[in-house]
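Source file run_21.pdb; content: PDB, C-alpha atoms.
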```
ATOM      1  CA  MET V  14      27.196 -11.099 -19.244
ATOM      2  CA  ILE V  15      25.925 -13.922 -17.060
ATOM      3  CA  ARG V  16      24.445 -12.879 -13.733
ATOM      4  CA  GLY V  17      24.909 -14.902 -10.560
ATOM      5  CA  ALA V  18      22.266 -16.208  -8.192
ATOM      6  CA  LYS V  19      22.966 -13.372  -5.756
ATOM      7  CA  PHE V  20      22.074 -10.800  -8.429
ATOM      8  CA  TRP V  21      18.768 -12.525  -9.201
ATOM      9  CA  ILE V  22      17.851 -12.809  -5.525
ATOM     10  CA  TRP V  23      18.459  -9.084  -5.057
ATOM     11  CA  MET V  24      16.576  -8.323  -8.258
ATOM     12  CA  THR V  25      13.584 -10.349  -7.018
ATOM     13  CA  VAL V  26      13.643  -8.582  -3.652
ATOM     14  CA  PHE V  27      13.846  -5.213  -5.415
ATOM     15  CA  GLN V  28      10.908  -6.065  -7.698
ATOM     16  CA  LEU V  29       8.785  -7.181  -4.741
ATOM     17  CA  LEU V  30       9.597  -4.037  -2.781
ATOM     18  CA  PHE V  31       8.957  -1.845  -5.821
ATOM     19  CA  GLY V  32       5.616  -3.548  -6.442
ATOM     20  CA  LEU V  33       4.608  -3.121  -2.811
ATOM     21  CA  ALA V  34       5.615   0.551  -2.883
ATOM     22  CA  VAL V  35       3.538   1.206  -5.995
ATOM     23  CA  PHE V  36       0.633  -0.748  -4.523
ATOM     24  CA  THR V  37       0.853   1.255  -1.296
ATOM     25  CA  VAL V  38       0.913   4.596  -3.113
ATOM     26  CA  THR V  39      -1.997   3.781  -5.390
ATOM     27  CA  ARG V  40      -4.026   1.898  -2.776
ATOM     28  CA  GLU V  41      -3.931   4.864  -0.388
ATOM     29  CA  TYR V  42      -5.236   7.092  -3.143
ATOM     30  CA  TYR V  43      -8.101   4.721  -3.907
ATOM     31  CA  ILE V  44      -8.985   4.244  -0.234
ATOM     32  CA  GLN V  45      -9.233   8.023   0.181
ATOM     33  CA  ASP V  46     -11.392   8.118  -2.920
ATOM     34  CA  ALA V  47     -13.759   5.517  -1.446
ATOM     35  CA  ALA V  48     -14.882   8.084   1.102
ATOM     36  CA  ASN V  49     -15.979  10.317  -1.763
ATOM     37  CA  ALA V  50     -17.909   7.582  -3.615
ATOM     38  CA  SER V  51     -21.274   9.052  -2.669
ATOM     39  CA  GLU V  52     -20.284  12.356  -4.261
ATOM     40  CA  ARG V  53     -19.419  10.799  -7.631
ATOM     41  CA  PRO V  54     -21.749  11.651 -10.476
ATOM     42  CA  ALA V  55     -23.863   8.797 -11.792
ATOM     43  CA  THR V  56     -22.407   9.517 -15.222
ATOM     44  CA  THR V  57     -19.496  11.561 -16.479
ATOM     45  CA  ASN V  58     -21.255  12.502 -19.696
ATOM     46  CA  GLN V  59     -24.033  14.873 -18.691
ATOM     47  CA  SER V  60     -25.650  14.713 -22.130
ATOM     48  CA  SER V  61     -26.338  10.986 -21.719
ATOM     49  CA  PRO V  62     -27.686  10.253 -18.217
ATOM     50  CA  VAL V  63     -29.048   6.858 -17.257
ATOM     51  CA  SER V  64     -32.773   6.798 -17.887
ATOM     52  CA  PRO V  65     -35.357   4.642 -16.085
ATOM     53  CA  ASP V  66     -35.593   2.556 -19.280
ATOM     54  CA  ASP V  67     -31.858   1.867 -19.106
ATOM     55  CA  ILE V  68     -32.141   0.783 -15.488
ATOM     56  CA  SER V  69     -34.931  -1.658 -16.240
ATOM     57  CA  LYS V  70     -32.998  -2.963 -19.234
ATOM     58  CA  PHE V  71     -29.982  -3.702 -17.019
ATOM     59  CA  SER V  72     -31.939  -4.931 -14.002
ATOM     60  CA  ARG V  73     -31.644  -8.513 -15.161
ATOM     61  CA  LEU V  74     -27.876  -8.168 -14.737
ATOM     62  CA  SER V  75     -28.297  -7.834 -10.995
ATOM     63  CA  HIS V  76     -27.380 -11.000  -9.157
ATOM     64  CA  SER V  77     -26.670 -11.971  -5.602
ATOM     65  CA  GLY V  78     -23.695 -14.267  -6.208
ATOM     66  CA  ALA V  79     -19.981 -13.413  -5.961
ATOM     67  CA  GLY V  80     -20.360  -9.864  -4.717
ATOM     68  CA  GLY V  81     -23.538  -9.067  -6.614
ATOM     69  CA  SER V  82     -26.021  -6.587  -5.237
ATOM     70  CA  THR V  83     -29.699  -6.012  -5.780
ATOM     71  CA  SER V  84     -29.162  -2.237  -5.829
ATOM     72  CA  GLN V  85     -29.776  -0.368  -9.060
ATOM     73  CA  ASP V  86     -28.043   2.796  -7.813
ATOM     74  CA  PRO V  87     -24.540   3.141  -9.294
ATOM     75  CA  ALA V  88     -23.382   5.228  -6.301
ATOM     76  CA  GLU V  89     -24.522   2.511  -3.863
ATOM     77  CA  LEU V  90     -22.862  -0.175  -5.957
ATOM     78  CA  LEU V  91     -19.644   1.868  -5.921
ATOM     79  CA  ARG V  92     -19.740   2.188  -2.130
ATOM     80  CA  GLU V  93     -20.216  -1.568  -1.770
ATOM     81  CA  ALA V  94     -17.530  -2.348  -4.340
ATOM     82  CA  ASP V  95     -15.069   0.075  -2.748
ATOM     83  CA  GLY V  96     -15.587  -1.707   0.565
ATOM     84  CA  PHE V  97     -14.778  -5.066  -1.018
ATOM     85  CA  PHE V  98     -11.767  -3.539  -2.785
ATOM     86  CA  THR V  99     -10.476  -2.092   0.489
ATOM     87  CA  ASN V 100     -10.785  -5.546   2.068
ATOM     88  CA  GLN V 101      -8.966  -7.074  -0.912
ATOM     89  CA  GLN V 102     -12.036  -9.069  -1.966
ATOM     90  CA  TYR V 103     -11.352  -8.200  -5.576
ATOM     91  CA  ASP V 104     -13.675 -10.793  -7.115
ATOM     92  CA  ARG V 105     -16.665  -9.352  -5.251
ATOM     93  CA  ALA V 106     -15.567  -5.777  -5.980
ATOM     94  CA  ALA V 107     -15.234  -6.540  -9.698
ATOM     95  CA  ALA V 108     -18.740  -8.009  -9.856
ATOM     96  CA  LEU V 109     -20.185  -4.839  -8.321
ATOM     97  CA  TYR V 110     -18.107  -2.512 -10.489
ATOM     98  CA  GLU V 111     -19.346  -4.434 -13.539
ATOM     99  CA  GLN V 112     -22.946  -3.994 -12.353
ATOM    100  CA  ALA V 113     -22.386  -0.272 -11.787
ATOM    101  CA  LEU V 114     -20.781   0.076 -15.223
ATOM    102  CA  ALA V 115     -23.756  -1.668 -16.839
ATOM    103  CA  LEU V 116     -26.020   0.918 -15.192
ATOM    104  CA  SER V 117     -23.747   3.848 -15.969
ATOM    105  CA  PRO V 118     -21.660   2.877 -19.025
ATOM    106  CA  ASN V 119     -20.200   6.365 -19.545
ATOM    107  CA  ASN V 120     -18.765   6.667 -16.025
ATOM    108  CA  VAL V 121     -14.994   6.735 -16.406
ATOM    109  CA  ASN V 122     -14.509   6.550 -12.634
ATOM    110  CA  ILE V 123     -16.186   3.146 -12.617
ATOM    111  CA  GLN V 124     -14.038   2.034 -15.551
ATOM    112  CA  ASN V 125     -10.973   3.142 -13.605
ATOM    113  CA  GLU V 126     -11.987   1.195 -10.491
ATOM    114  CA  LEU V 127     -12.936  -1.880 -12.512
ATOM    115  CA  GLY V 128      -9.690  -1.779 -14.496
ATOM    116  CA  LEU V 129      -7.540  -1.710 -11.373
ATOM    117  CA  THR V 130      -9.584  -4.457  -9.736
ATOM    118  CA  LEU V 131      -9.351  -6.693 -12.807
ATOM    119  CA  HIS V 132      -5.584  -6.221 -12.791
ATOM    120  CA  TYR V 133      -5.400  -7.314  -9.147
ATOM    121  CA  LEU V 134      -7.447 -10.382 -10.097
ATOM    122  CA  GLY V 135      -4.845 -11.284 -12.711
ATOM    123  CA  ARG V 136      -7.169 -10.367 -15.579
ATOM    124  CA  SER V 137      -4.773  -7.749 -16.883
ATOM    125  CA  ALA V 138      -5.788  -7.958 -20.557
ATOM    126  CA  GLU V 139      -9.370  -7.110 -19.550
ATOM    127  CA  ALA V 140      -8.047  -4.402 -17.247
ATOM    128  CA  LEU V 141      -6.129  -2.757 -20.080
ATOM    129  CA  ARG V 142      -9.184  -2.906 -22.366
ATOM    130  CA  THR V 143     -11.376  -1.334 -19.689
ATOM    131  CA  LEU V 144      -8.841   1.392 -18.920
ATOM    132  CA  ASN V 145      -8.205   2.135 -22.594
ATOM    133  CA  ASP V 146     -11.971   2.415 -23.150
ATOM    134  CA  GLY V 147     -12.090   4.918 -20.301
ATOM    135  CA  VAL V 148      -9.203   6.931 -21.719
ATOM    136  CA  ALA V 149     -10.913   6.992 -25.117
ATOM    137  CA  ALA V 150     -14.183   8.136 -23.540
ATOM    138  CA  GLU V 151     -12.630  10.847 -21.392
ATOM    139  CA  PRO V 152      -9.034  11.635 -22.436
ATOM    140  CA  LYS V 153      -8.748  14.511 -19.943
ATOM    141  CA  ASN V 154      -9.348  12.263 -16.909
ATOM    142  CA  GLN V 155      -6.055  12.428 -15.030
ATOM    143  CA  ARG V 156      -6.794   9.552 -12.687
ATOM    144  CA  ILE V 157      -7.474   6.930 -15.362
ATOM    145  CA  TRP V 158      -4.176   7.818 -17.035
ATOM    146  CA  LEU V 159      -2.441   7.180 -13.693
ATOM    147  CA  THR V 160      -4.093   3.776 -13.348
ATOM    148  CA  LEU V 161      -3.328   2.877 -16.966
ATOM    149  CA  GLY V 162       0.318   3.803 -16.353
ATOM    150  CA  PHE V 163       0.422   1.758 -13.150
ATOM    151  CA  VAL V 164      -1.065  -1.353 -14.757
ATOM    152  CA  ASN V 165       1.247  -1.085 -17.769
ATOM    153  CA  SER V 166       4.286  -0.646 -15.505
ATOM    154  CA  GLN V 167       3.267  -3.728 -13.503
ATOM    155  CA  LEU V 168       3.010  -5.707 -16.742
ATOM    156  CA  GLY V 169       6.433  -4.547 -17.946
ATOM    157  CA  ASN V 170       4.981  -2.383 -20.727
ATOM    158  CA  THR V 171       7.471   0.385 -19.998
ATOM    159  CA  GLU V 172       6.806   2.652 -22.978
ATOM    160  CA  GLN V 173       3.022   2.472 -22.596
ATOM    161  CA  ALA V 174       3.427   3.135 -18.866
ATOM    162  CA  ARG V 175       5.697   6.099 -19.552
ATOM    163  CA  ALA V 176       3.228   7.606 -22.037
ATOM    164  CA  ALA V 177       0.238   7.174 -19.708
ATOM    165  CA  LEU V 178       2.051   8.482 -16.632
ATOM    166  CA  THR V 179       3.376  11.458 -18.579
ATOM    167  CA  ASN V 180      -0.212  12.281 -19.561
ATOM    168  CA  ALA V 181      -1.234  12.025 -15.899
ATOM    169  CA  THR V 182       1.408  14.642 -15.014
ATOM    170  CA  ARG V 183       0.313  17.039 -17.764
ATOM    171  CA  ILE V 184      -3.479  17.035 -17.537
ATOM    172  CA  GLY V 185      -5.895  17.607 -14.692
ATOM    173  CA  THR V 186      -5.534  19.564 -11.512
ATOM    174  CA  ASP V 187      -5.190  16.848  -8.868
ATOM    175  CA  GLU V 188      -1.736  17.374  -7.402
ATOM    176  CA  THR V 189      -1.833  14.016  -5.580
ATOM    177  CA  VAL V 190      -2.356  12.179  -8.872
ATOM    178  CA  ARG V 191       0.355  14.278 -10.537
ATOM    179  CA  GLN V 192       2.852  13.505  -7.749
ATOM    180  CA  SER V 193       2.026   9.774  -7.833
ATOM    181  CA  ALA V 194       2.554   9.731 -11.592
ATOM    182  CA  MET V 195       5.873  11.558 -11.248
ATOM    183  CA  GLU V 196       7.055   9.077  -8.603
ATOM    184  CA  MET V 197       6.103   6.119 -10.813
ATOM    185  CA  LEU V 198       7.856   7.719 -13.784
ATOM    186  CA  LYS V 199      11.080   8.039 -11.771
ATOM    187  CA  LYS V 200      10.986   4.315 -10.998
ATOM    188  CA  LEU V 201      10.538   3.163 -14.578
ATOM    189  CA  PRO V 202      13.636   1.615 -16.156
TER     190      PRO V 202
END
```

Entire entry expressed as structure tokens:
Amino acid sequence: MIRGAKFWIWMTVFQLLFGLAVFTVTREYYIQDAANASERPATTNQSSPVSPDDISKFSRLSHSGAGGSTSQDPAELLREADGFFTNQQYDRAAALYEQALALSPNNVNIQNELGLTLHYLGRSAEALRTLNDGVAAEPKNQRIWLTLGFVNSQLGNTEQARAALTNATRIGTDETVRQSAMEMLKKLP
């Protein structure tokens, strides 16, 4: 069946509105989370905290270009990066998230933030790798499953999105994440 121009115009409008709705739902969640950045643990794996040796090893990664910071505190880097993310300065946010991840490589929250930011930068293959690494490191993290589902849905990977969003509805205790995942699941084709 051949579709007319009117169909494709409406389909484009629908896709734009759907994308904006998903962006609005997820962005609000991440903005609220930015206020809690100072409460985030430096690492999610308590058996492997960042040692002073690790910090000195990664200190050469610190740079002042494109959103870089001289801070060696992952929580401070997250606060700065979240500010750039909120202001849609994704390139600067990504640079800071990458610095924070170098300092705290087991922090799934940083992987989640970096993955979403990379997706917004159009670096979706990197975003999926980062998010999948986070899921592998902490498969019970409800929020990273939500982000993985969102990114996959945006890329048209419907089955991967469905699987990730279903996981986000089944694990964890955050009802806001669960509801967001359920809403995204309803909108999948």

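Comparing the minimum interatomic distances between His132 (chain V) and each of V:Phe20, V:Trp158, V:Tyr103, V:Phe97, counting only C-alpha atoms, we find that V:Tyr103 sits nearest.
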
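Distances here use all atoms listed in the file; by that measure, the residue among V:Gln192, V:Thr130, V:Thr83, V:Ser137 closest to Asp104 (chain V) is V:Thr130.
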
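Among the candidates V:Met197, V:Leu33, V:Ala107, V:Val190, the one nearest to Leu134 (chain V) when counting all atoms listed in the file is V:Ala107.
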
Separation of CA of Ala88 (chain V) and CA of Ala113 (chain V), in Å?
7.8 Å

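Note that the spacing between CA of Arg183 (chain V) and CA of Asn122 (chain V) amounts to 18.9 Å.
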
Dump as a PyMOL selection string all residues having an atom at most 10 Å from (2.5, 2.1, -20.0), computed in the file's coordinates with all atoms listed in the file.
chain V and resi 141+158-179+198+201

Selection file, C-alpha atoms, as a PDB file, in the coordinates of the input:
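Resulting contents of out_16.pdb:
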```pdb
ATOM      1  CA  LEU V 141      -6.129  -2.757 -20.080  1.00  0.00           C
ATOM      2  CA  TRP V 158      -4.176   7.818 -17.035  1.00  0.00           C
ATOM      3  CA  LEU V 159      -2.441   7.180 -13.693  1.00  0.00           C
ATOM      4  CA  THR V 160      -4.093   3.776 -13.348  1.00  0.00           C
ATOM      5  CA  LEU V 161      -3.328   2.877 -16.966  1.00  0.00           C
ATOM      6  CA  GLY V 162       0.318   3.803 -16.353  1.00  0.00           C
ATOM      7  CA  PHE V 163       0.422   1.758 -13.150  1.00  0.00           C
ATOM      8  CA  VAL V 164      -1.065  -1.353 -14.757  1.00  0.00           C
ATOM      9  CA  ASN V 165       1.247  -1.085 -17.769  1.00  0.00           C
ATOM     10  CA  SER V 166       4.286  -0.646 -15.505  1.00  0.00           C
ATOM     11  CA  GLN V 167       3.267  -3.728 -13.503  1.00  0.00           C
ATOM     12  CA  LEU V 168       3.010  -5.707 -16.742  1.00  0.00           C
ATOM     13  CA  GLY V 169       6.433  -4.547 -17.946  1.00  0.00           C
ATOM     14  CA  ASN V 170       4.981  -2.383 -20.727  1.00  0.00           C
ATOM     15  CA  THR V 171       7.471   0.385 -19.998  1.00  0.00           C
ATOM     16  CA  GLU V 172       6.806   2.652 -22.978  1.00  0.00           C
ATOM     17  CA  GLN V 173       3.022   2.472 -22.596  1.00  0.00           C
ATOM     18  CA  ALA V 174       3.427   3.135 -18.866  1.00  0.00           C
ATOM     19  CA  ARG V 175       5.697   6.099 -19.552  1.00  0.00           C
ATOM     20  CA  ALA V 176       3.228   7.606 -22.037  1.00  0.00           C
ATOM     21  CA  ALA V 177       0.238   7.174 -19.708  1.00  0.00           C
ATOM     22  CA  LEU V 178       2.051   8.482 -16.632  1.00  0.00           C
ATOM     23  CA  THR V 179       3.376  11.458 -18.579  1.00  0.00           C
ATOM     24  CA  LEU V 198       7.856   7.719 -13.784  1.00  0.00           C
ATOM     25  CA  LEU V 201      10.538   3.163 -14.578  1.00  0.00           C
TER      26      LEU V 201
END
```
